[in-house]
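Structure below is model.cif: mmCIF, C-alpha atoms.
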data_input
#
loop_
_atom_site.group_PDB
_atom_site.id
_atom_site.type_symbol
_atom_site.label_atom_id
_atom_site.label_comp_id
_atom_site.auth_asym_id
_atom_site.auth_seq_id
_atom_site.Cartn_x
_atom_site.Cartn_y
_atom_site.Cartn_z
ATOM 1 C CA MET N 1 133.519 116.921 98.123
ATOM 2 C CA SER N 2 134.933 113.621 96.885
ATOM 3 C CA PHE N 3 133.612 110.244 98.065
ATOM 4 C CA ASP N 4 132.486 106.845 96.812
ATOM 5 C CA LEU N 5 128.826 105.902 96.578
ATOM 6 C CA ASP N 6 127.883 102.213 96.340
ATOM 7 C CA LEU N 7 124.493 101.305 94.871
ATOM 8 C CA ARG N 8 123.329 97.715 95.389
ATOM 9 C CA ILE N 9 122.147 96.138 92.141
ATOM 10 C CA PRO N 10 119.981 93.122 93.054
ATOM 11 C CA ARG N 11 120.688 89.763 91.437
ATOM 12 C CA TRP N 12 117.161 89.682 89.954
ATOM 13 C CA CYS N 13 117.792 92.923 87.994
ATOM 14 C CA ARG N 14 119.056 92.078 84.505
ATOM 15 C CA ASP N 15 119.020 95.463 82.768
ATOM 16 C CA GLY N 16 119.591 98.139 85.391
ATOM 17 C CA THR N 17 120.819 101.600 84.484
ATOM 18 C CA VAL N 18 122.453 104.383 86.472
ATOM 19 C CA LEU N 19 122.435 107.997 85.307
ATOM 20 C CA ILE N 20 124.543 110.734 86.884
ATOM 21 C CA ASN N 21 123.208 114.187 86.100
ATOM 22 C CA GLY N 22 121.370 112.684 83.115
ATOM 23 C CA SER N 23 124.391 110.852 81.652
ATOM 24 C CA PRO N 24 125.009 107.088 81.854
ATOM 25 C CA SER N 25 127.485 105.924 84.457
ATOM 26 C CA GLU N 26 130.945 105.183 83.053
ATOM 27 C CA ARG N 27 130.865 101.622 84.428
ATOM 28 C CA ALA N 28 128.552 98.834 83.351
ATOM 29 C CA VAL N 29 125.730 98.030 85.761
ATOM 30 C CA THR N 30 126.161 94.386 86.823
ATOM 31 C CA ARG N 31 123.450 92.499 88.680
ATOM 32 C CA GLY N 32 124.304 90.995 92.046
ATOM 33 C CA THR N 33 127.027 93.578 92.738
ATOM 34 C CA PHE N 34 127.522 97.036 94.138
ATOM 35 C CA HIS N 35 127.807 99.754 91.512
ATOM 36 C CA ARG N 36 130.454 102.156 92.801
ATOM 37 C CA ILE N 37 130.454 105.791 91.766
ATOM 38 C CA SER N 38 133.684 107.579 92.670
ATOM 39 C CA ARG N 39 133.720 111.274 91.887
ATOM 40 C CA GLU N 40 133.908 114.835 93.057
ATOM 41 C CA TRP N 41 130.334 115.663 94.085
ATOM 42 C CA SER N 42 128.708 119.078 93.822
ATOM 43 C CA ALA N 43 125.535 120.481 95.328
ATOM 44 C CA GLY N 44 122.587 119.548 93.104
ATOM 45 C CA ASP N 45 124.172 116.420 91.583
ATOM 46 C CA ARG N 46 121.479 113.909 90.727
ATOM 47 C CA ILE N 47 121.603 110.111 90.501
ATOM 48 C CA GLU N 48 118.847 108.131 88.794
ATOM 49 C CA ILE N 49 118.758 104.367 89.130
ATOM 50 C CA ASP N 50 116.361 102.224 87.104
ATOM 51 C CA LEU N 51 115.873 98.611 88.183
ATOM 52 C CA PRO N 52 113.333 97.094 85.757
ATOM 53 C CA MET N 53 111.147 94.392 87.285
ATOM 54 C CA PRO N 54 109.644 92.293 84.500
ATOM 55 C CA VAL N 55 107.603 89.256 85.475
ATOM 56 C CA ARG N 56 109.695 86.098 85.246
ATOM 57 C CA LEU N 57 109.360 82.373 85.829
ATOM 58 C CA VAL N 58 112.086 81.081 88.151
ATOM 59 C CA ALA N 59 113.006 77.411 87.746
ATOM 60 C CA ASP N 60 112.819 74.905 90.556
ATOM 61 C CA ARG N 61 115.553 74.051 93.013
ATOM 62 C CA LYS N 62 116.064 70.727 94.805
ATOM 63 C CA ALA N 63 112.917 70.137 96.931
ATOM 64 C CA GLN N 64 110.796 72.063 94.414
ATOM 65 C CA SER N 65 111.821 69.936 91.450
ATOM 66 C CA GLY N 66 109.467 70.321 88.485
ATOM 67 C CA ARG N 67 107.995 73.616 89.700
ATOM 68 C CA VAL N 68 108.442 77.311 88.980
ATOM 69 C CA ALA N 69 107.912 80.491 90.946
ATOM 70 C CA LEU N 70 106.293 83.526 89.363
ATOM 71 C CA MET N 71 108.291 86.596 90.411
ATOM 72 C CA ARG N 72 108.540 90.315 89.773
ATOM 73 C CA GLY N 73 111.674 91.832 91.254
ATOM 74 C CA PRO N 74 112.018 90.357 94.755
ATOM 75 C CA THR N 75 108.280 89.588 95.036
ATOM 76 C CA VAL N 76 106.900 86.043 94.701
ATOM 77 C CA PHE N 77 103.319 85.834 93.404
ATOM 78 C CA CYS N 78 101.032 83.095 94.694
ATOM 79 C CA LEU N 79 97.765 81.580 93.572
ATOM 80 C CA ASN N 80 95.025 82.462 96.036
ATOM 81 C CA ARG N 81 92.522 79.589 95.855
ATOM 82 C CA THR N 82 89.827 81.572 97.656
ATOM 83 C CA ARG N 83 89.822 84.359 95.059
ATOM 84 C CA ILE N 84 89.715 82.299 91.862
ATOM 85 C CA LYS N 85 86.540 80.482 90.935
ATOM 86 C CA GLY N 86 87.240 76.760 90.502
ATOM 87 C CA ALA N 87 90.734 76.819 91.972
ATOM 88 C CA GLU N 88 89.714 74.815 95.041
ATOM 89 C CA ALA N 89 88.886 71.850 92.770
ATOM 90 C CA ALA N 90 92.093 71.922 90.713
ATOM 91 C CA ASP N 91 95.118 69.824 91.635
ATOM 92 C CA LEU N 92 97.753 72.585 91.545
ATOM 93 C CA ARG N 93 100.571 70.060 91.232
ATOM 94 C CA LEU N 94 99.280 69.265 87.737
ATOM 95 C CA LEU N 95 99.018 72.848 86.481
ATOM 96 C CA VAL N 96 101.206 73.842 83.564
ATOM 97 C CA ILE N 97 101.637 77.578 83.042
ATOM 98 C CA ASP N 98 101.421 78.942 79.508
ATOM 99 C CA PRO N 99 104.495 81.261 79.546
ATOM 100 C CA GLY N 100 103.093 83.303 76.651
ATOM 101 C CA SER N 101 100.004 84.203 78.664
ATOM 102 C CA VAL N 102 101.785 85.757 81.659
ATOM 103 C CA SER N 103 100.734 89.399 81.978
ATOM 104 C CA THR N 104 102.655 92.303 83.420
ATOM 105 C CA ALA N 105 101.925 93.143 87.045
ATOM 106 C CA ALA N 106 98.812 95.300 87.317
ATOM 107 C CA PRO N 107 97.391 97.234 90.261
ATOM 108 C CA ASP N 108 95.031 95.158 92.436
ATOM 109 C CA ASP N 109 93.787 96.211 95.859
ATOM 110 C CA SER N 110 91.816 92.998 96.522
ATOM 111 C CA VAL N 111 94.384 91.561 98.968
ATOM 112 C CA HIS N 112 95.997 94.743 100.308
ATOM 113 C CA PRO N 113 96.232 98.441 99.371
ATOM 114 C CA ASP N 114 98.667 99.148 96.527
ATOM 115 C CA GLY N 115 98.819 95.416 95.715
ATOM 116 C CA ARG N 116 99.653 93.893 92.339
ATOM 117 C CA LYS N 117 98.322 90.933 90.374
ATOM 118 C CA ILE N 118 99.510 88.880 87.440
ATOM 119 C CA GLU N 119 97.112 87.070 85.152
ATOM 120 C CA LEU N 120 97.990 83.930 83.201
ATOM 121 C CA ARG N 121 96.572 80.760 81.688
ATOM 122 C CA ALA N 122 97.321 77.260 82.876
ATOM 123 C CA TRP N 123 96.264 73.757 81.901
ATOM 124 C CA GLY N 124 96.601 70.291 83.339
ATOM 125 C CA ALA N 125 95.003 66.873 83.805
ATOM 126 C CA ASP N 126 91.805 68.201 85.433
ATOM 127 C CA ALA N 127 90.372 69.949 82.346
ATOM 128 C CA GLU N 128 86.959 70.635 83.914
ATOM 129 C CA ALA N 129 88.362 72.362 86.994
ATOM 130 C CA LEU N 130 90.886 74.248 84.882
ATOM 131 C CA SER N 131 88.252 75.530 82.480
ATOM 132 C CA ARG N 132 86.412 76.990 85.502
ATOM 133 C CA LEU N 133 89.719 78.437 86.752
ATOM 134 C CA GLN N 134 90.296 80.301 83.476
ATOM 135 C CA SER N 135 86.803 81.733 83.058
#

Same coordinates, now as structure tokens:
Amino acid sequence: MSFDLDLRIPRWCRDGTVLINGSPSERAVTRGTFHRISREWSAGDRIEIDLPMPVRLVADRKAQSGRVALMRGPTVFCLNRTRIKGAEAADLRLLVIDPGSVSTAAPDDSVHPDGRKIELRAWGADAEALSRLQS
């Protein structure tokens, strides 16, 4: 049976791959597009799609000037002041994230089952509050 199959490649995915029966797709995988596979299909054909989701810092836009979002795939990670000792005293507008300290997303069930967390270091004008935040 012959038909087209369109796979959506999200804009946030930089290095996606598509395998058809273990072989790379003939077309390049381009983020923010649909990856069309046109072929004669047989029973048992297998498609594997890999959409890596590394942690990334996303630069500000308009109203958020001077800020970044910490993202993994389509998920935005937030600082939870109630779960980090000292965070309630820190002025979050003054935090500067150390990009080299950003960890990969790790399992964390503290907020919800099958949750994820990212650890990082930050500094800013309130050194005392920040030292408590990092310990």

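Nearest to Leu19 of chain N of all the residues N:Arg36, N:Arg31, N:Arg46, N:Lys62 is N:Arg46, based on only C-alpha atoms.
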
**Report entry** Exercise: Arg67 of chain N partners within 10 Å, only C-alpha atoms, chain neighbours under 4 positions left out, as number ranges by chain
**Finding:** N: 57-63, 93-96

Result set, the PyMOL selection byres ((chain N and resi 102) around 12) on current file, as a CSV table (one decimal) with C-alpha atoms, keeping the file's coordinate frame:
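Done, and the output landed in result.csv:
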chain,number,residue,atom,x,y,z
N,54,PRO,CA,109.6,92.3,84.5
N,55,VAL,CA,107.6,89.3,85.5
N,56,ARG,CA,109.7,86.1,85.2
N,57,LEU,CA,109.4,82.4,85.8
N,70,LEU,CA,106.3,83.5,89.4
N,71,MET,CA,108.3,86.6,90.4
N,72,ARG,CA,108.5,90.3,89.8
N,77,PHE,CA,103.3,85.8,93.4
N,97,ILE,CA,101.6,77.6,83.0
N,98,ASP,CA,101.4,78.9,79.5
N,99,PRO,CA,104.5,81.3,79.5
N,100,GLY,CA,103.1,83.3,76.7
N,101,SER,CA,100.0,84.2,78.7
N,103,SER,CA,100.7,89.4,82.0
N,104,THR,CA,102.7,92.3,83.4
N,105,ALA,CA,101.9,93.1,87.0
N,106,ALA,CA,98.8,95.3,87.3
N,117,LYS,CA,98.3,90.9,90.4
N,118,ILE,CA,99.5,88.9,87.4
N,119,GLU,CA,97.1,87.1,85.2
N,120,LEU,CA,98.0,83.9,83.2
N,121,ARG,CA,96.6,80.8,81.7
N,122,ALA,CA,97.3,77.3,82.9

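For the pair atom CA of Trp123 of chain N and atom CA of Ala87 of chain N, the interatomic distance is 11.9 Å.
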
Requested in this report: Report as a ChimeraX atom specification the residues that result from applying the PyMOL selection byres ((chain N and resi 23) around 12) to the structure here.
Outcome: /N:17-22,24-27,45-49

Mind rebuilding segment 56-70 of chain N with N, CA and C atoms and writing that out as a PDB file, keeping the file's coordinate frame?
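This is the output file part34.pdb:
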ATOM      1  N   ARG N  56     108.863  87.199  85.737  1.00  0.00           N
ATOM      2  CA  ARG N  56     109.695  86.098  85.246  1.00  0.00           C
ATOM      3  C   ARG N  56     109.312  84.798  85.949  1.00  0.00           C
ATOM      4  N   LEU N  57     109.544  83.700  85.259  1.00  0.00           N
ATOM      5  CA  LEU N  57     109.360  82.373  85.829  1.00  0.00           C
ATOM      6  C   LEU N  57     110.732  81.905  86.303  1.00  0.00           C
ATOM      7  N   VAL N  58     110.819  81.520  87.568  1.00  0.00           N
ATOM      8  CA  VAL N  58     112.086  81.081  88.151  1.00  0.00           C
ATOM      9  C   VAL N  58     112.029  79.572  88.326  1.00  0.00           C
ATOM     10  N   ALA N  59     112.982  78.876  87.731  1.00  0.00           N
ATOM     11  CA  ALA N  59     113.006  77.411  87.746  1.00  0.00           C
ATOM     12  C   ALA N  59     113.212  76.862  89.144  1.00  0.00           C
ATOM     13  N   ASP N  60     112.762  75.633  89.288  1.00  0.00           N
ATOM     14  CA  ASP N  60     112.819  74.905  90.556  1.00  0.00           C
ATOM     15  C   ASP N  60     114.230  74.720  91.086  1.00  0.00           C
ATOM     16  N   ARG N  61     114.282  74.391  92.367  1.00  0.00           N
ATOM     17  CA  ARG N  61     115.553  74.051  93.013  1.00  0.00           C
ATOM     18  C   ARG N  61     115.293  72.905  93.973  1.00  0.00           C
ATOM     19  N   LYS N  62     116.061  71.884  93.911  1.00  0.00           N
ATOM     20  CA  LYS N  62     116.064  70.727  94.805  1.00  0.00           C
ATOM     21  C   LYS N  62     114.675  70.252  95.215  1.00  0.00           C
ATOM     22  N   ALA N  63     114.186  70.640  96.401  1.00  0.00           N
ATOM     23  CA  ALA N  63     112.917  70.137  96.931  1.00  0.00           C
ATOM     24  C   ALA N  63     111.721  70.556  96.079  1.00  0.00           C
ATOM     25  N   GLN N  64     111.891  71.577  95.257  1.00  0.00           N
ATOM     26  CA  GLN N  64     110.796  72.063  94.414  1.00  0.00           C
ATOM     27  C   GLN N  64     110.926  71.573  92.975  1.00  0.00           C
ATOM     28  N   SER N  65     111.565  70.460  92.788  1.00  0.00           N
ATOM     29  CA  SER N  65     111.821  69.936  91.450  1.00  0.00           C
ATOM     30  C   SER N  65     110.540  69.848  90.619  1.00  0.00           C
ATOM     31  N   GLY N  66     110.606  70.357  89.388  1.00  0.00           N
ATOM     32  CA  GLY N  66     109.467  70.321  88.485  1.00  0.00           C
ATOM     33  C   GLY N  66     108.521  71.493  88.643  1.00  0.00           C
ATOM     34  N   ARG N  67     108.865  72.472  89.444  1.00  0.00           N
ATOM     35  CA  ARG N  67     107.995  73.616  89.700  1.00  0.00           C
ATOM     36  C   ARG N  67     108.697  74.920  89.308  1.00  0.00           C
ATOM     37  N   VAL N  68     107.896  75.972  89.214  1.00  0.00           N
ATOM     38  CA  VAL N  68     108.442  77.311  88.980  1.00  0.00           C
ATOM     39  C   VAL N  68     107.798  78.285  89.954  1.00  0.00           C
ATOM     40  N   ALA N  69     108.472  79.384  90.187  1.00  0.00           N
ATOM     41  CA  ALA N  69     107.912  80.491  90.946  1.00  0.00           C
ATOM     42  C   ALA N  69     107.680  81.638  89.971  1.00  0.00           C
ATOM     43  N   LEU N  70     106.606  82.355  90.170  1.00  0.00           N
ATOM     44  CA  LEU N  70     106.293  83.526  89.363  1.00  0.00           C
ATOM     45  C   LEU N  70     106.734  84.738  90.179  1.00  0.00           C
TER      46      LEU N  70
END
